[in-house]
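Chemist: input-v9.cif is the file, holding mmCIF, C-alpha atoms:
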```cif
data_target
loop_
_atom_site.label_atom_id
_atom_site.label_comp_id
_atom_site.auth_asym_id
_atom_site.auth_seq_id
_atom_site.Cartn_x
_atom_site.Cartn_y
_atom_site.Cartn_z
CA MET B 38 -73.29 285.49 172.32
CA SER B 39 -70.79 284.71 169.54
CA GLU B 40 -72.21 287.69 167.63
CA ILE B 41 -71.17 289.95 170.52
CA ASN B 42 -67.67 288.42 170.61
CA GLY B 43 -67.42 288.94 166.85
CA MET B 44 -68.39 292.57 167.26
CA PHE B 45 -65.77 293.08 169.97
CA SER B 46 -63.32 291.46 167.58
CA ALA B 47 -64.34 293.95 164.86
CA MET B 48 -63.87 296.82 167.32
CA ARG B 49 -60.38 295.57 168.25
CA ILE B 50 -59.44 295.37 164.55
CA SER B 51 -60.65 298.94 163.98
CA ALA B 52 -58.80 300.11 167.09
CA SER B 53 -55.57 298.51 165.86
CA GLY B 54 -56.00 300.34 162.55
CA MET B 55 -56.53 303.66 164.34
CA ARG B 56 -53.46 303.06 166.50
CA ALA B 57 -51.28 302.20 163.49
CA GLN B 58 -52.48 305.20 161.46
CA ARG B 59 -51.91 307.53 164.43
CA ILE B 60 -48.28 306.36 164.58
CA LYS B 61 -47.94 306.88 160.82
CA GLN B 62 -49.32 310.41 161.17
CA SER B 63 -46.78 311.15 163.93
CA VAL B 64 -43.90 309.94 161.76
CA ILE B 65 -45.11 312.07 158.84
CA THR B 66 -45.43 315.07 161.16
CA SER B 67 -41.84 314.54 162.30
CA ASN B 68 -40.69 314.39 158.67
CA LEU B 69 -42.46 317.65 157.85
CA ALA B 70 -41.11 319.34 160.97
CA ASN B 71 -37.56 318.39 159.96
CA VAL B 72 -37.74 319.25 156.26
CA GLU B 73 -34.91 321.78 156.68
CA THR B 74 -32.89 320.08 159.45
CA THR B 75 -29.32 319.89 158.19
CA ARG B 76 -27.63 318.72 161.40
CA THR B 77 -28.59 315.74 163.56
CA PRO B 78 -26.86 314.05 166.53
CA GLU B 79 -25.93 311.18 164.17
CA GLY B 80 -24.35 313.68 161.77
CA GLY B 81 -25.65 314.97 158.47
CA PRO B 82 -29.18 315.95 157.58
CA TYR B 83 -32.36 314.44 158.99
CA LYS B 84 -33.32 311.19 157.26
CA ARG B 85 -36.94 310.71 156.27
CA GLU B 86 -38.69 307.93 158.20
CA PHE B 87 -41.59 305.73 157.19
CA VAL B 88 -43.79 303.16 158.88
CA VAL B 89 -43.94 299.49 157.94
CA PHE B 90 -47.21 297.76 158.81
CA GLU B 91 -47.84 294.06 159.20
CA ALA B 92 -50.85 291.94 160.02
CA ASP B 93 -51.19 291.32 163.72
CA GLY B 94 -51.56 287.55 163.74
CA ARG B 95 -53.15 287.40 167.16
CA ASP B 96 -56.62 285.91 167.25
CA THR B 97 -58.77 288.87 168.24
CA MET B 98 -60.99 286.63 170.36
CA THR B 99 -58.28 284.98 172.48
CA GLY B 100 -55.25 287.23 171.96
CA HIS B 101 -53.13 284.19 170.99
CA ARG B 102 -51.22 283.66 167.77
CA GLU B 103 -52.58 280.71 165.91
CA GLU B 104 -52.35 279.25 162.42
CA LYS B 105 -55.01 277.19 160.72
CA ALA B 106 -54.59 274.94 157.72
CA LEU B 107 -56.98 275.70 154.92
CA SER B 108 -57.63 272.77 152.64
CA ILE B 109 -58.01 273.70 148.99
CA ALA B 110 -59.37 271.18 146.55
CA LYS B 111 -58.99 271.18 142.77
CA THR B 112 -62.57 271.50 141.58
CA ASN B 113 -62.06 271.60 137.83
CA ALA B 114 -59.78 269.61 135.52
CA SER B 115 -58.65 272.84 133.81
CA HIS B 116 -57.16 274.26 137.00
CA ILE B 117 -53.38 274.48 137.26
CA GLN B 118 -51.87 271.09 138.07
CA THR B 119 -50.18 270.65 141.43
CA PRO B 120 -48.33 267.59 142.76
CA SER B 121 -51.60 266.70 144.42
CA SER B 122 -55.10 267.77 143.57
CA ARG B 123 -55.48 268.65 147.23
CA TYR B 124 -53.02 270.74 149.25
CA SER B 125 -52.93 272.82 152.40
CA LEU B 126 -52.36 276.52 152.64
CA TYR B 127 -51.49 278.07 155.99
CA SER B 128 -53.05 281.36 156.88
CA LEU B 129 -53.23 283.39 160.05
CA GLU B 130 -56.46 283.27 161.99
CA ALA B 131 -59.20 285.32 160.37
CA GLY B 132 -60.05 288.50 162.24
CA GLN B 133 -56.62 289.97 162.63
CA GLY B 134 -55.67 293.59 163.06
CA VAL B 135 -52.66 295.59 162.00
CA LYS B 136 -49.56 296.65 163.87
CA VAL B 137 -46.49 298.75 163.23
CA ALA B 138 -43.67 296.32 162.48
CA GLU B 139 -40.99 299.01 162.42
CA ILE B 140 -40.15 302.59 161.58
CA ARG B 141 -37.42 302.68 158.93
CA LYS B 142 -35.08 305.36 157.64
CA ASP B 143 -35.49 306.15 153.94
CA SER B 144 -32.36 305.19 151.98
CA ARG B 145 -32.79 307.84 149.28
CA GLU B 146 -29.95 310.32 148.93
CA GLU B 147 -30.21 313.74 150.54
CA LYS B 148 -30.76 316.78 148.34
CA LEU B 149 -27.89 319.16 147.70
CA GLN B 150 -28.61 322.88 147.56
CA TYR B 151 -26.10 325.57 146.71
CA ASN B 152 -25.89 327.95 149.67
CA PRO B 153 -22.26 328.86 150.47
CA SER B 154 -23.31 331.11 153.38
CA HIS B 155 -25.01 328.24 155.27
CA PRO B 156 -23.02 327.03 158.30
CA ASP B 157 -23.35 323.38 157.14
CA ALA B 158 -22.22 324.06 153.56
CA ASN B 159 -19.39 321.87 152.27
CA GLU B 160 -16.22 323.26 150.70
CA ASP B 161 -18.03 323.59 147.34
CA GLY B 162 -20.84 325.63 148.94
CA TYR B 163 -23.51 322.88 148.89
CA VAL B 164 -25.72 322.05 151.85
CA ALA B 165 -27.09 318.52 152.31
CA LEU B 166 -30.83 318.77 152.95
CA PRO B 167 -33.17 315.99 154.15
CA ASN B 168 -34.50 313.52 151.58
CA ILE B 169 -38.07 314.70 152.22
CA ASN B 170 -40.56 315.51 149.48
CA VAL B 171 -43.27 317.71 151.05
CA VAL B 172 -45.88 316.74 148.41
CA GLU B 173 -45.25 313.04 149.09
CA GLU B 174 -45.52 313.61 152.85
CA MET B 175 -48.78 315.55 152.51
CA THR B 176 -50.23 312.83 150.25
CA ASP B 177 -49.23 310.19 152.81
CA MET B 178 -50.80 312.31 155.58
CA ILE B 179 -54.09 312.57 153.66
CA ASN B 180 -54.09 308.79 153.10
CA ALA B 181 -53.30 308.07 156.75
CA THR B 182 -56.05 310.47 157.88
CA ARG B 183 -58.59 308.83 155.58
CA ALA B 184 -57.61 305.36 156.77
CA TYR B 185 -57.92 306.53 160.38
CA GLU B 186 -61.37 307.99 159.65
CA ALA B 187 -62.46 304.76 157.93
CA ASN B 188 -61.48 302.80 161.05
CA VAL B 189 -63.39 305.28 163.25
CA THR B 190 -66.46 304.83 161.02
CA ALA B 191 -66.20 301.02 161.22
CA PHE B 192 -65.71 301.18 165.00
CA ASN B 193 -68.74 303.44 165.44
CA ALA B 194 -70.91 301.31 163.15
CA THR B 195 -70.03 298.22 165.18
CA LYS B 196 -70.77 300.10 168.40
CA GLN B 197 -74.18 301.14 167.02
CA MET B 198 -74.99 297.53 166.10
CA MET B 199 -74.06 296.39 169.61
CA MET B 200 -76.25 299.06 171.16
CA GLN B 201 -79.18 297.93 168.99
CA ILE B 202 -78.67 294.30 170.05
CA PHE B 203 -78.67 295.24 173.74
CA GLN B 204 -81.75 297.46 173.33
CA THR B 205 -83.77 294.68 171.67
CA ASN B 206 -82.83 292.09 174.31
#
```
In C-alpha cells, write the structure found in this file.

Modeler:
Amino acid sequence: MSEINGMFSAMRISASGMRAQRIKQSVITSNLANVETTRTPEGGPYKREFVVFEADGRDTMTGHREEKALSIAKTNASHIQTPSSRYSLYSLEAGQGVKVAEIRKDSREEKLQYNPSHPDANEDGYVALPNINVVEEMTDMINATRAYEANVTAFNATKQMMMQIFQTN
C-alpha cells in the first residue's frame, strides 16, 4: 500500500508543478499584453512582473511541514575537515512540490522612446515604455510550457502505473 501512497505523492508533486507553471504563464501573458502600456493606476508605465518559486516543504503524504536531520559521516580521511567528523544537515522532507512564493515587479529601468506626439511624452518628447523584452518573455513562455508538459507527462506516467497495479490485483 505504501507504493500507492508514494504514487499519489508523485501525482501531487506533478500537480504542484503544473499549478506553478500555469501561474508563471499567466504572468508572462500579462507582461506581453502590456508591452506598450505607458499609463497605469500607480503612475508611469507597466512594470514587468516575474514569478518566484520555492519548494513546498509540506510532506506530500501527510500535508504537514516537517524537517528531518540527515546524519552525514566523514568516510575518508581526505575529505574536508569539519569540527566533528560527524554532523547533521537539516533538509525538508523528501517528496516536496513547488509553490509560487511571490510575484515580483522587475526593478529594471523603463525604456525611453522618442515620440513627442504621444500623450504620455515628457517635455523632451520621450515616452517611458515598460521594461519588457518580448524575446525574453517568449523564451520564458517556452520554458514554462515545456516544464508544464513535463509535469503532465510525469503525472500521466504515474497514473498509468497505478492503473497497471490495480489491474494486476

Chemist: One number please: atom CA of B:Gly162 to atom CA of B:Arg85, in Å, one decimal.

Modeler: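 About the pair atom CA of B:Gly162 and atom CA of B:Arg85: they are 23.1 Å apart.
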
Chemist: In Å, with one decimal, what is the gap from atom CA of B:Gln62 to atom CA of B:Ala165?

Modeler: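 Atom CA of B:Ala165 lies 25.3 Å from atom CA of B:Gln62.
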
Chemist: Using all atoms listed in the file, which protein or nucleic acid residues come within 12 Å of stretch 166-176 of chain B? Drop anything in the same chain fewer than 6 positions from it, and give the result as an MDAnalysis selection string.

Modeler: chainID B and resid 61:77 80:87 142:152 155 157:159 182:183

Chemist: Which residue, B:Gln204, B:Gly54, B:Lys136, B:Ala194, has the smallest gap to B:Phe90 when you use all atoms listed in the file?

Modeler: B:Lys136

Chemist: In Å, with one decimal, what is the gap from atom CA of B:Gln133 to atom CA of B:Met200?

Modeler: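 Pair atom CA of B:Gln133 / atom CA of B:Met200 returns 23.3 Å.
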
Chemist: Could you tell me which of B:Phe203, B:Asp177, B:Thr190, B:Gly134 comes closest to B:Ala57 if we count all atoms listed in the file?

Modeler: B:Gly134

Chemist: Identify, on the basis of all atoms listed in the file, every residue whose closest approach to B:Tyr185 does not exceed 8 Å; exclude the query and any residue fewer than 3 positions from it along the same chain; express the result as a list in words.

Modeler: Gly54, Met55, Gln58, Arg59, Ala181, Thr182, Asn188 and Val189 of chain B

Chemist: With the PyMOL selection byres ((chain B and resi 137) around 8) as the selection, what would be picked from this file? Answer as a PyMOL selection string, please.

Modeler: chain B and resi 57+60+88-91+135-136+138-140
